[in-house]
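Q: Below is a structure I'd like to ask you about.
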Amino acid sequence: MAMEITQILLNAQAVDGGVRKHAEDNLKQFQEQNLPSFLLSLAVELANDEKPVESRKLAGLILKNTLDAKEQHRKYELVQRWLALEVAVKAQIKACLMKALSSPANDARSTASQVIAKVAGIELPLKHWPELVGTLLSNIHQLPAHTKQATLETLGYICEEVSADAVDQDHVNKILTAVVQGMNSSEASNDVRLAATRALYNALGFAQANFSNDTERDYIMRVACEATLSPEVKIRQAAFECFVAISSTYYEKLAPYIQDIFNITAKAVKEDEEPVALQAIEFWSSICDEEIDILEGYGADSSADSDIPCFYFIKQALPVLVPMLLETLLKQEEDQDQDEGAWNIAMAGGTCLGLVAQTVGDEIVPLVMPFIEGNIARPDWRQREAATYAFGSILEGPSPEKLVPIVRIALNFMLTALIKDPSNHVKDTTAWTLGRMFEFLHDSTLDSPIITPSNCQEIITVLMQSMKDVPNVAEKACGALYFLARGYEDMDPSASPLIPYFQDILQALYAVTHREDAGESRLQTAAYETLNEVVRCSTDETAPLVIQLVPHIMTELHQTLDGQKLSSDEREKQNELQGLLCGCLQVIIQKLGSSEATKYVFLQCADQMMSLFLRVFSSKSATAHEEAMLAIGALAYAVGSSFDKYMPEFYRYLESGLQNFEDYQVCTITVGVVGDLCRALEDKIFPYCDGIMTQLLKDLSSNQLHRSVKAPIFSCFGDIALAIGENFDKYLIYAMPALQSAAELSSHTLGAVDDMTDYTNSLRNGVLEAYSGIFQGFKGSPKTQLLVPYAPHVLQFLDSIYAAKDMDDMVMKTAIGVLGDLADTLGFSAAPLIQNSISSKEFLRECLSADDSMIKESAEWAKMAIDRAISF
Amino acid sequence: MTDESSPHRRDPIKSSVGNAAAERRRQNAVSVGKERRESLMRAKRFCRVGVSTAIDDNDDSPDHDMVIDEEESILEAQASSAVEELKAAVAFQGKGAVQKKISALQKLRRLLSRSEFPPVEVALKAGAIPLLVQCLSFGSLDEQLLEAAWCLTNIAAGKPDETRALLPALPLLIAHIGEKSSLPVAEQCAWALGNVAGEGEDLRNILLSQGALLPLARMMLPIKGSTVRTAAWALSNLIKGPDQKAATELIKINGVLKAIIQHLKNADDELATEVAWVIVYLSALSNMATIMLVKNNVVQLLVERLASSNSLQLLIPVLRSLGNLVAGDSCTTYDLLVPGHEITDSVITVLVKCLKSEHRVLKKEAAWVLSNIAAGSVEHKQLIFSSEALPLLLHLLSSAPFDIRKEVAYTLGNICVEPVEGDGRPKLIVEHLVSLVNHGCLSGFIELIRSIDAEAARLGLQFMELVLRGMPNGEGPKLVEQEDGIDAMERFQFHENDDLRNMANGLVDKYFGEDYGLEESSS
C-alpha cells in the first residue's frame with residue numbers, strides 16, 4: 001500500500017519554485033485521495049535507511065503535522081482522523097517509526113522521536129499503545145549509542161506530550177531509571193547523556209512520587225549536579241535547566257540541596273559560558289518567583305494556597321547571592337539598549353536582583369548601596385551603568401521609609417547624569433531608574449513625597465530635554481514622565497503640580513511623536529501612551545489645551561488613511577500609528593466626555609471622528625481594529641442615545657468584528673462595544689438586536705472561537721436584556737439553553753490547574769451577569785412569567801457553585817446578586833423554589849458575613865428581595 | 001521541541017513603557033465598561049428599594065451621582081462626620097441655629113437615603129439617635145421635623161438591631177402623627193413607625209401601648225393620597241398580631257370602617273392594595289371585624305375589585321380577605337352567599353378567574369375559598385358542582401403543585417358529602433361522587449394518600465372511604481384496586497400515626513378482607 005514518494009519529497013525542497021510547487025501539489029493530492037496510504041508511505045520513507053536523509057526528514061515532518069496543530073479545533077480534527085484509521089495501518093506506521101529510531105541517520109531518528117511522541121500524545125491517554133513504553137525501555141539496553149540516544153529523546157518528548165496520569169507509576173519509575181542512568185557520568189556517549197538530561201527536564205513533572213522518596217530524590221539530584229560538571233556545554237546547560245524546573249516544581253524539597261546548588265550556580269555565573277550562566281541565574285529568579293508567591297499568600301492570609309511553607313532560601317543566601325548578581329551587572333554588551341531582543345548576563349542579573357529585592361524587601365538595600373556608591377561616579381561607563389542599573393532594580397520591594405531618603409539624594413544626581421553623562425547606555429539606564437522611582441515611590445498618598453514643588457520644575461525640564469536625546473534614551477524619558485503623571489492620577493487633578501507645565505509637556509510629547517526617528521526603540525508608542533496619561537490628568541483649567549489637540553490627532557489619523565501605495569513594512573508602521581491615534585482619541589473622548597462643559601465642545605466633531613474610525617476598519621490590522629472599536633465604544637457612551645444615527649453605517653463593522661474568530665481580541669472588544677452601545681442607546685438598540693444576537697449565538701456555538709470570548713458574550717446578553725427589557729423575550733429560547741449549558745459546564749472547575757479555575761470563574765461570572773441582566777430587564781413586566789420555568793435551573797446553578805467552594809469574590813458577589821434579582825423579579829412565583837435552595841440559606845448567610853463590602857451589599861439586597869418574595 | 005530555544009527566558013526588568021501602558025489603557029477601557037454595567041445594575045436595584053423615593057427630594061444636590069460610586073468606607077466616614085456636624089449644630093445656640101440644624105440634618109438624611117445600603121451602623125455608633133430625638137422636640141420647624149423623621153425612617157428600614165435603636169424616638173414620632181401636625185411631617189413619622197411595626201411583635205406591642213393606633217387610624221380617614229396609603233401600610237404592619245386586640249380595636253374606631261369601604265370603592269390600585277392588607281389582618285384576627293365587614297357589604301366590594309383588576313399586588317390581599325371573610329364567619333356562607341343571589345354568582349365567577357390565573361398564589365387561595373364555600377349547605381355544593389369551577393378543580397387535582405392540590409381536594413371532598421349533623425359519618429351525595437369519580441379524580445386522591453403530608457393523606461383516605469362506601473353496585477373496591485389504592489393504603493399498615501393507621505387498616509379489613517375477590521370469582 002505504501003508508495004514510492006522519495007522524488008516528490010526531494011522536489012518539495014527544490015530551489016526552483018515551479019518544481020517545488022508541483023511537488024507540494026502532488027503531496028496534497030495524494031493525501032486527499034488516500035490518507036492511509038499517504039501516511040504509510042511517509043512512515044516507510046522515514047524508516048528506510050537507503051533513502052536520502054532530506055526526504056526522510058521531510059516525510060517525518062509531514063507525518064508529524066498530520067497529527068498535531070496549534071489551533072485547538074484543527075488539532076481535534078487531526079486526532080479524530082488518526083483514530084479513525086484502520087488498526088492495521090496504524091500498527092504498520094508505528095512499526096516504521098520504531099524502526100527509524102535505530103537509524104544511523106541522526107535527523108531520521110530525531111524526527112521519528114517527535115512523531116512517536118505525537119502518536120503517544122493521542123494514544124496513551126486512550127490506552128491504545130500500551131506496549132510503547134516497554135518497547136522503548138528495552139531499546140535502552142541495546143548497543144548502538146545512537147539508538148539509546150534516540151530512545152531517551154523519545155521518552156523525553158513523550159513526557160512533554162502526554163499528561164502524567166496517562167502513564168502508570170511503574171512506567172514512570174522505569175523511565176526515570178533509564179533517564180538517570182543515561183545521565184550518569186559513567187555514560188560514555190555525550191549524545192546519550194545530553195538526550196537523557198533533556199529527557200529528565202520533561203520527565204520531572206511525572207516524578208512526584210519519586211521526589212517524595214528521599215533516596216530516589218537524592219539520587220536524581222546527585223546525578224543532575226554531576227551533569228553540571230560535564231565538559232560538554234550543552235549538557236551543563238540542560239542540567240541547569242533541570243534545576244530551574246525543579247525549583248518551581250519541587251521547591252519544598254530543596255532545602256537539603258540549596259547550599260550545593262548555590263555553589264554550583266555561583267561557579268557557573270562567574271566562569272561558565274553565557275547560555276549556562278543564564279540558566280544558573282534563572283534558577284535564583286525562579287526561586288524568587290516561588291517565594292514571592294508564597295509570601296503573598298501569607299499576606300493575604302488565604303489558607304488555601306499556603307500549604308507550601310516558605311523556606312526563605314533567598315534571605316539566607318542574600319549575603320552571597322547579591323554580590324554574585326552585582327558582579328554580573330558589569331558584563332553589559334555594547335549597544336544592548338538599541339536591540340529590542342537582547343538578553344545577556346547583565347540583563348538577567350539585574351532582573352534577578354529586582355526579584356530578590358521584591359522577595360526580601362528592606363534587607364537588600366545595605367547590601368547594594370556600597371556597590372552603587374563605589375561605582376556610580378567612575379570613569380568607566382560600565383561601572384556607572386551597572387551602579388545605576390543596580391539602583392533601579394531594587395526600587396520595587398523595599399519600603400518607602402527605607403528608600404525615600406536615598407532616592408531624595410540620588411534624584412539630583414540622576415537628573416544631572418541624564419543630561420550630562422557622555423554614555424548613551426548610562427543615560428538610558430538613568431532615565432529608566434527615574435521612571436522606576438516615580439513608579440514605586442511617587443504617589444500622592446505618600447507622606448513624604450520625593451517630588452516637591454521645588455524640584456518638580458527641574459524634573460520636568462530635564463525629562464523634556466531628554467526626550468530630544470537619541471531614541472532609546474528619549475523612550476525611557478517618556479516612560480519616566482508617564483509614571484510621574486500616573487502618580488498624580490488618584491489625587492485631585494487641579495492640585496497636581498504638573499498643571500503649570502501642562503502645555504509645555506503636551507507640546508514636547510507631540511513633538512516626539514513627530515520625530516523622524518520616532519519609529520526606533522518604540523519611541524512613538526511611548527510618546528503617545530505618555531500623552532494619553534497626561535491627558536488623563538487634565539483638569540477643567542487645561543481642558544482647552546486637550547480640546548486643541550483633537551483636530552491635530554484627527555488630521556494625523558486622516559493622513560494615515562490616504563490610499564497611497566505602501567510597502568508591507570510601511571503599511572505595518574502605518575497600522576501601528578493608526579492604533580496609537582485611535583487609542584489617543586479614545587482617552588481624549590473619555591476625558592472630555594466626563595464633563596458636560598467639555599463634552600459639548602468635542603461632540604461637535606463627533607461626526608468626523610466617527611467617519612475616521614469607520615475608515616480605519618478598511619485596514620487589515622487587528623490592532624488598529626481593536627483600537628478603533630474601543631474608541632467607538634467610548635464615543636457611544638459619550639454621545640448617548642443619539643449615537644443611533646451612526647448605527648446604520650457602523651452596524652456592518654460591528655457585525656464583522658463579532659465574526660472575527662481569528663483575531664479573537666477584536667471579537668472580545670467588539671462584544672464589549674455592544675455593551676457600551678446598549679448603555680448608550682438603551683431601547684434604541686432593539687432593531688439591531690436580531691443581528692447581534694444571531695452573531696453572538698453563532699460565536700458561542702463555534703468551536704473555532706477562543707474560549708476567553710465566551711464569558712464576555714454572556715455578560716453582553718445581560719447588557720442587551722437590560723437595554724431592551726421584556727423585548728428580550730424572543731431571545732430567551734436561544735439564550736437560556738446556551739446559558740444553561742455553560743452554567744453546567746462551569747458548575748465544577750474544569751481542571752485542577754489555577755488557570756482553569758480563573759477561566760471557570762470568568763465563565764460563571766459571565767453567565768451570572770446575563771441572568772442578572774435578564775431578570776432585571778423583565779422586572780415589572782407582564783412577561784415575567786416567561787422566566788419562571790428557568791428559575792429552578794438558575795437556583796441549581798447557584799447551589800452548585802456554592803457547593804464547589806472555589807468561586808472568587810467577584811463570582812460570589814454576582815451570584816448572590818442574581819439570587820436577589822430572581823427573587824425581586826419573580827417574587828412569590830419562585831418563593832418555594834428559593835426556600836428550597838441552599839443559596840438562600842447557607843450561601844446567603846456566608847455572603848452576609850463576608851468581609852468584602854460589595855459581597856455584603858449584594859447579599860443584603862438579596863435578603864431583602866427574598867424576604868419580600870416569601871412574605872406572601 | 002527544537003534544540004536551539006532555551007526554555008527559560010524571562011522579560012527583562014528594564015523594558016519599554018509602551019506595551020505595559022497600552023495594555024493598562026485597554027484594560028482600563030474594558031473595566032470602565034464593567035463598572036458601568038455594575039453601576040447600572042446596582043442603580044436598578046437601588047431605585048426599587050429606595051425608601052424615600054415617594055417624597056420629593058427637591059434639593060437633590062449635583063454631587064448625587066458621584067457618591068453612589070464611592071467606596072463604602074468613604075460613605076461611612078461622611079456619615080460619622082455628618083453626625084458630628086449635627087451634634088455641633090444641636091449644641092449651637094447662636095444666630096442661625098435652626099438653619100444650621102436643618103442643613104446638618106439634610107446632610108445626614110442624604111447620606112442615609114443615598115446608597116442602597118446606607119451607613120446606618122456608623123450613624124448609630126456616632127450617636128445619631130439622641131440627636132434626632134432632640135430634633136423632634138415640640139415646637140420645631142416642620143422642615144426640621146421632616147428631616148429628622150426621614151433620617152429615622154431610613155434607620156428603621158435597616159437591620160433588626162438598627163430598627164430597635166429607634167425605641168427612644170417612638171413617643172415623639174407618635175406625637176407627630178397627631179392631627180396638629182402638618183401632613184408631610186405626619187406621613188414621614190407614620191412611615192418610620194410602619195418600619196418599626198413591621199419588625200416584630202414586641203415592637204408592635206410597644207407602639208400599641210404608646211397609643212400609635214388611634215392617630216394612625218385617623219390618618220386613614222381623609223382622602224389625601226400618599227398619606228392615606230402610608231397610614232394604611234403602617235396600620236397593616238401594626239395590627240399584624242398575633243394578638244387580635246389591635247385589630248378589634250381598630251375596627252371599633254369611629255370612621256375606620258367607613259374609610260375602608262370608601263377606599264375600597266374608589267381608590268386606585270396602589271392605595272386599595274394597602275387597604276386590602278389592612279382588611280386581611282382585620283379579617284384574619286378579629287371575629288368582630290369580620291362580622292362588621294361582612295355586614296357592610298365588603299364582600300361585594302372585594303368581589304368587584306377581584307373582577308376588575310389585574311394587578312397581582314392587589315389581587316393577593318383582596319382574595320385573601322375574601323377567603324378570611326368566608327372562612328371566618330359561617331354567616332357569610334349561609335346568609336350572604338345564598339345560592340341564587342347575584343353576589344354568590346359573582347363570587348364564583350371571580351374565583352374561577354383566579355383559578356384560571358397563572359399565579360400559583362391566586363390559584364391556591366381561590367381553591368381555599370372554594371373549599372370553605374363547599375363546606376356549606378347542600379345547595380352550595382350543588383352550586384360549585386354545576387359551576388365552571390368544577391372542571392378547573394378536577395384539572396388542578398391532577399396537575400397543580402402539591403399545596404394547591406390539597407386545597408382542591410378539600411373542595412372536591414366537601415362537594416360529595418352533606419353537612420354533618422351530630423357526629424355520625426357524613427352522608428353522601430352520590431350523584432356528585434359518581435360524577436367526580438367518572439371524571440377520574442380518584443387517582444388524584446390516591447396520589448395524596450401516598451404523600452408524606454399526613455393531612456393530605458387523611459384527605460385521600462377520607463375520599464377513598466366515600467368511594468368504597470358510596471359507589472353504586474359495590475363498584476368502589478374494584479375502582480380502588482384498579483387505581484392501586486390498596487397498595488397506597490398498605491403503606492399505613494404499621495404507620496406511626498394512629499389515626500391514619502386505623503383508618504387505612506379499617507378500610508382494608510372492611511372492603512378487602514378475607515372475602516374480597518372470592519365473591520368475584522364465585523359470582
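Ordered as shown in the C-alpha cells, chains take letters A, B, and onward, while each chain numbers its residues from 1 and ligands are numbered from 1 in the order shown.
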What residues in chain A have any atom no more than 7 Å from chain B when counting only C-alpha atoms, and can you write them as a list in words?
A: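 Matching residues, ligands excluded from the count: Met347, Ala348, Thr351, Lys476, Gly479, Thr525, Ala526, Glu529, Asp676, Ser829 and Glu857 of chain A.
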Q: Mind checking which residues fall within 12 Å of Asp168 (chain A), counting only C-alpha atoms, ignoring those fewer than 5 positions away in the same chain, and posting them as an mmCIF file with N, CA, C and O atoms, in the first residue's frame?
A:
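result-v7.cif, written as the output of this step:
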```
data_model
loop_
_atom_site.group_PDB
_atom_site.id
_atom_site.type_symbol
_atom_site.label_atom_id
_atom_site.label_comp_id
_atom_site.auth_asym_id
_atom_site.auth_seq_id
_atom_site.Cartn_x
_atom_site.Cartn_y
_atom_site.Cartn_z
ATOM 1 N N LEU A 124 -1.785 7.184 24.141
ATOM 2 C CA LEU A 124 -1.576 6.739 25.526
ATOM 3 C C LEU A 124 -2.766 7.036 26.442
ATOM 4 O O LEU A 124 -3.178 6.171 27.203
ATOM 5 N N PRO A 125 -3.325 8.243 26.361
ATOM 6 C CA PRO A 125 -4.475 8.505 27.251
ATOM 7 C C PRO A 125 -5.630 7.545 26.977
ATOM 8 O O PRO A 125 -6.438 7.278 27.842
ATOM 9 N N LYS A 127 -5.165 4.449 26.045
ATOM 10 C CA LYS A 127 -4.594 3.099 26.248
ATOM 11 C C LYS A 127 -4.529 2.315 24.936
ATOM 12 O O LYS A 127 -4.729 1.100 24.911
ATOM 13 N N PRO A 130 -0.305 0.398 24.567
ATOM 14 C CA PRO A 130 0.206 0.076 25.909
ATOM 15 C C PRO A 130 1.657 -0.415 25.885
ATOM 16 O O PRO A 130 2.372 -0.264 26.877
ATOM 17 N N VAL A 133 5.898 2.174 25.928
ATOM 18 C CA VAL A 133 6.957 2.492 26.884
ATOM 19 C C VAL A 133 7.860 1.280 27.112
ATOM 20 O O VAL A 133 9.096 1.401 27.128
ATOM 21 N N GLY A 134 7.250 0.096 27.208
ATOM 22 C CA GLY A 134 8.032 -1.123 27.397
ATOM 23 C C GLY A 134 9.017 -1.337 26.254
ATOM 24 O O GLY A 134 10.202 -1.638 26.482
ATOM 25 N N VAL A 162 2.380 13.975 26.753
ATOM 26 C CA VAL A 162 1.207 13.400 27.428
ATOM 27 C C VAL A 162 1.168 13.879 28.875
ATOM 28 O O VAL A 162 2.176 14.297 29.432
ATOM 29 N N SER A 163 -0.012 13.804 29.473
ATOM 30 C CA SER A 163 -0.105 14.241 30.861
ATOM 31 C C SER A 163 0.272 13.083 31.778
ATOM 32 O O SER A 163 0.192 11.916 31.392
ATOM 33 N N ASN A 173 8.555 5.029 36.913
ATOM 34 C CA ASN A 173 9.779 4.603 37.613
ATOM 35 C C ASN A 173 10.820 4.119 36.618
ATOM 36 O O ASN A 173 12.007 4.466 36.706
ATOM 37 N N LYS A 174 10.359 3.311 35.671
ATOM 38 C CA LYS A 174 11.322 2.759 34.716
ATOM 39 C C LYS A 174 11.895 3.844 33.815
ATOM 40 O O LYS A 174 13.082 3.833 33.501
ATOM 41 N N ILE A 175 11.022 4.767 33.395
ATOM 42 C CA ILE A 175 11.523 5.861 32.547
ATOM 43 C C ILE A 175 12.588 6.637 33.308
ATOM 44 O O ILE A 175 13.682 6.897 32.795
ATOM 45 N N PHE A 206 6.530 14.174 35.973
ATOM 46 C CA PHE A 206 5.990 12.839 36.269
ATOM 47 C C PHE A 206 6.512 12.301 37.585
ATOM 48 O O PHE A 206 6.096 11.247 38.032
ATOM 49 N N ALA A 207 7.481 13.005 38.165
ATOM 50 C CA ALA A 207 8.282 12.368 39.210
ATOM 51 C C ALA A 207 7.820 12.703 40.622
ATOM 52 O O ALA A 207 8.592 12.572 41.560
ATOM 53 N N ALA A 209 6.048 11.140 42.816
ATOM 54 C CA ALA A 209 6.258 10.062 43.787
ATOM 55 C C ALA A 209 7.746 9.900 44.081
ATOM 56 O O ALA A 209 8.157 9.735 45.236
#
```
Q: Neighbours of region 200-217 of chain B within 6 Å (only C-alpha atoms; same-chain residues fewer than 5 positions away dropped), as a ChimeraX atom specification?
A: /B:174,178,231,238
Q: Next, dump the selected residues to file, keeping only all heavy atoms, as a compact mmCIF listing (two decimals), in the first residue's frame.
A:
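For reference, part37.txt as written:
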```txt
# COMPACT_ATOMS: atom_id res chain seq x y z
N ILE B 174 -44.80 59.24 67.46
CA ILE B 174 -46.24 59.06 67.58
C ILE B 174 -46.91 60.41 67.82
O ILE B 174 -47.96 60.72 67.24
CB ILE B 174 -46.57 58.07 68.73
CG1 ILE B 174 -46.04 56.68 68.33
CG2 ILE B 174 -48.06 58.02 69.01
CD1 ILE B 174 -46.08 55.65 69.44
N GLY B 178 -50.13 63.18 65.16
CA GLY B 178 -51.40 63.73 65.63
C GLY B 178 -51.98 64.72 64.65
O GLY B 178 -51.36 65.09 63.65
N ALA B 231 -50.36 55.56 55.81
CA ALA B 231 -51.01 55.22 57.07
C ALA B 231 -51.57 53.81 57.01
O ALA B 231 -51.43 53.02 57.96
CB ALA B 231 -52.12 56.23 57.37
N LEU B 238 -48.98 47.32 61.92
CA LEU B 238 -49.20 47.45 63.36
C LEU B 238 -50.17 46.40 63.90
O LEU B 238 -50.02 45.92 65.01
CB LEU B 238 -49.72 48.86 63.65
CG LEU B 238 -49.82 49.26 65.11
CD1 LEU B 238 -48.45 49.23 65.77
CD2 LEU B 238 -50.44 50.66 65.25
```
Q: Could you give me, as a short mmCIF file (atom, residue, chain, number, x, y, z; two decimals) with N, CA, C and O atoms, in the first residue's frame, each residue of region 189-241 of chain B that DSSP assigns to alpha helix (DSSP H) when run on this structure's backbone?
A:
```
data_model
loop_
_atom_site.label_atom_id
_atom_site.label_comp_id
_atom_site.auth_asym_id
_atom_site.auth_seq_id
_atom_site.Cartn_x
_atom_site.Cartn_y
_atom_site.Cartn_z
N CYS B 189 -43.48 60.53 59.72
CA CYS B 189 -43.43 59.85 61.01
C CYS B 189 -44.15 58.51 60.92
O CYS B 189 -43.69 57.50 61.46
N ALA B 190 -45.28 58.50 60.21
CA ALA B 190 -46.03 57.24 60.06
C ALA B 190 -45.16 56.21 59.35
O ALA B 190 -45.18 55.02 59.68
N TRP B 191 -44.42 56.70 58.41
CA TRP B 191 -43.54 55.81 57.65
C TRP B 191 -42.52 55.14 58.58
O TRP B 191 -42.32 53.93 58.56
N ALA B 192 -41.92 56.00 59.41
CA ALA B 192 -40.93 55.47 60.35
C ALA B 192 -41.59 54.46 61.28
O ALA B 192 -41.04 53.37 61.53
N LEU B 193 -42.76 54.80 61.75
CA LEU B 193 -43.46 53.89 62.67
C LEU B 193 -43.84 52.58 61.98
O LEU B 193 -43.75 51.50 62.58
N GLY B 194 -44.24 52.69 60.73
CA GLY B 194 -44.57 51.48 59.97
C GLY B 194 -43.37 50.56 59.87
O GLY B 194 -43.48 49.34 60.03
N ASN B 195 -42.21 51.13 59.62
CA ASN B 195 -41.00 50.32 59.57
C ASN B 195 -40.74 49.62 60.90
O ASN B 195 -40.36 48.46 60.95
N VAL B 196 -40.96 50.37 61.98
CA VAL B 196 -40.73 49.79 63.30
C VAL B 196 -41.74 48.67 63.54
O VAL B 196 -41.38 47.57 63.99
N ALA B 197 -43.01 48.93 63.22
CA ALA B 197 -44.06 47.95 63.48
C ALA B 197 -43.83 46.67 62.70
O ALA B 197 -44.14 45.57 63.16
N GLU B 201 -43.24 41.48 66.87
CA GLU B 201 -44.38 41.55 67.75
C GLU B 201 -44.10 42.48 68.94
O GLU B 201 -44.94 43.30 69.33
N ASP B 202 -42.90 42.33 69.52
CA ASP B 202 -42.61 43.13 70.72
C ASP B 202 -42.67 44.62 70.41
O ASP B 202 -43.21 45.41 71.18
N LEU B 203 -42.14 44.98 69.23
CA LEU B 203 -42.18 46.40 68.87
C LEU B 203 -43.61 46.87 68.61
O LEU B 203 -43.99 47.98 68.96
N ARG B 204 -44.42 45.98 68.02
CA ARG B 204 -45.82 46.34 67.80
C ARG B 204 -46.52 46.60 69.14
O ARG B 204 -47.25 47.58 69.29
N ASN B 205 -46.24 45.73 70.09
CA ASN B 205 -46.88 45.91 71.40
C ASN B 205 -46.47 47.23 72.04
O ASN B 205 -47.29 47.92 72.64
N ILE B 206 -45.19 47.56 71.89
CA ILE B 206 -44.74 48.84 72.46
C ILE B 206 -45.47 50.00 71.80
O ILE B 206 -46.00 50.90 72.47
N LEU B 207 -45.53 49.94 70.46
CA LEU B 207 -46.20 51.03 69.74
C LEU B 207 -47.67 51.13 70.17
O LEU B 207 -48.19 52.24 70.37
N LEU B 208 -48.32 49.98 70.30
CA LEU B 208 -49.74 49.99 70.68
C LEU B 208 -49.90 50.57 72.08
O LEU B 208 -50.77 51.41 72.33
N SER B 209 -48.99 50.16 72.99
CA SER B 209 -49.12 50.66 74.36
C SER B 209 -48.83 52.15 74.42
O SER B 209 -49.28 52.84 75.31
N LEU B 213 -52.08 53.52 67.63
CA LEU B 213 -53.17 53.04 66.77
C LEU B 213 -54.15 54.15 66.39
O LEU B 213 -54.45 54.33 65.21
N LEU B 214 -54.61 54.89 67.38
CA LEU B 214 -55.65 55.87 67.09
C LEU B 214 -55.20 56.94 66.08
O LEU B 214 -55.88 57.16 65.07
N PRO B 215 -54.10 57.60 66.34
CA PRO B 215 -53.71 58.63 65.36
C PRO B 215 -53.44 58.05 63.97
O PRO B 215 -53.78 58.69 62.96
N LEU B 216 -52.87 56.87 63.90
CA LEU B 216 -52.64 56.27 62.58
C LEU B 216 -53.97 55.99 61.89
O LEU B 216 -54.13 56.24 60.69
N ALA B 217 -54.94 55.48 62.68
CA ALA B 217 -56.25 55.18 62.11
C ALA B 217 -56.88 56.47 61.59
O ALA B 217 -57.46 56.49 60.50
N ARG B 218 -56.72 57.54 62.32
CA ARG B 218 -57.32 58.81 61.87
C ARG B 218 -56.70 59.28 60.57
O ARG B 218 -57.35 59.91 59.76
N MET B 219 -55.41 58.98 60.42
CA MET B 219 -54.75 59.43 59.18
C MET B 219 -55.33 58.74 57.96
O MET B 219 -55.14 59.17 56.83
N SER B 226 -51.03 60.01 49.27
CA SER B 226 -49.98 59.16 49.81
C SER B 226 -50.05 59.06 51.33
O SER B 226 -49.61 58.08 51.91
N THR B 227 -50.63 60.06 51.98
CA THR B 227 -50.74 60.00 53.43
C THR B 227 -51.59 58.80 53.85
O THR B 227 -51.23 58.04 54.73
N VAL B 228 -52.72 58.65 53.15
CA VAL B 228 -53.60 57.54 53.47
C VAL B 228 -52.90 56.22 53.21
O VAL B 228 -52.98 55.28 53.99
N ARG B 229 -52.21 56.18 52.11
CA ARG B 229 -51.55 54.93 51.75
C ARG B 229 -50.50 54.56 52.78
O ARG B 229 -50.42 53.43 53.23
N THR B 230 -49.70 55.56 53.13
CA THR B 230 -48.66 55.30 54.12
C THR B 230 -49.28 54.87 55.44
O THR B 230 -48.82 53.93 56.08
N ALA B 231 -50.36 55.56 55.81
CA ALA B 231 -51.01 55.22 57.07
C ALA B 231 -51.57 53.81 57.01
O ALA B 231 -51.43 53.02 57.96
N ALA B 232 -52.21 53.45 55.90
CA ALA B 232 -52.78 52.11 55.77
C ALA B 232 -51.68 51.06 55.85
O ALA B 232 -51.82 50.04 56.52
N TRP B 233 -50.59 51.38 55.19
CA TRP B 233 -49.47 50.42 55.20
C TRP B 233 -48.95 50.25 56.63
O TRP B 233 -48.73 49.14 57.10
N ALA B 234 -48.78 51.40 57.31
CA ALA B 234 -48.26 51.33 58.68
C ALA B 234 -49.25 50.59 59.58
O ALA B 234 -48.84 49.78 60.42
N LEU B 235 -50.54 50.84 59.37
CA LEU B 235 -51.56 50.15 60.17
C LEU B 235 -51.52 48.65 59.94
O LEU B 235 -51.62 47.86 60.88
N SER B 236 -51.39 48.26 58.67
CA SER B 236 -51.39 46.82 58.40
C SER B 236 -50.20 46.18 59.12
O SER B 236 -50.31 45.06 59.61
N ASN B 237 -49.09 46.88 59.20
CA ASN B 237 -47.97 46.35 59.97
C ASN B 237 -48.27 46.30 61.46
O ASN B 237 -47.85 45.39 62.16
N LEU B 238 -48.98 47.32 61.92
CA LEU B 238 -49.20 47.45 63.36
C LEU B 238 -50.17 46.40 63.90
O LEU B 238 -50.02 45.92 65.01
#
```
Q: To one decimal in Å, tell me the separation between CA of Tyr646 (chain A) and CA of Gly718 (chain A).
A: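 Straight-line distance from CA of Tyr646 (chain A) to CA of Gly718 (chain A) works out to 23.1 Å.
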Q: Would you mind telling me which residue in A:Asp492, A:Glu475, A:Glu541, A:Glu626 lies nearest to Cys582 (chain A) when using only C-alpha atoms?
A: A:Glu626
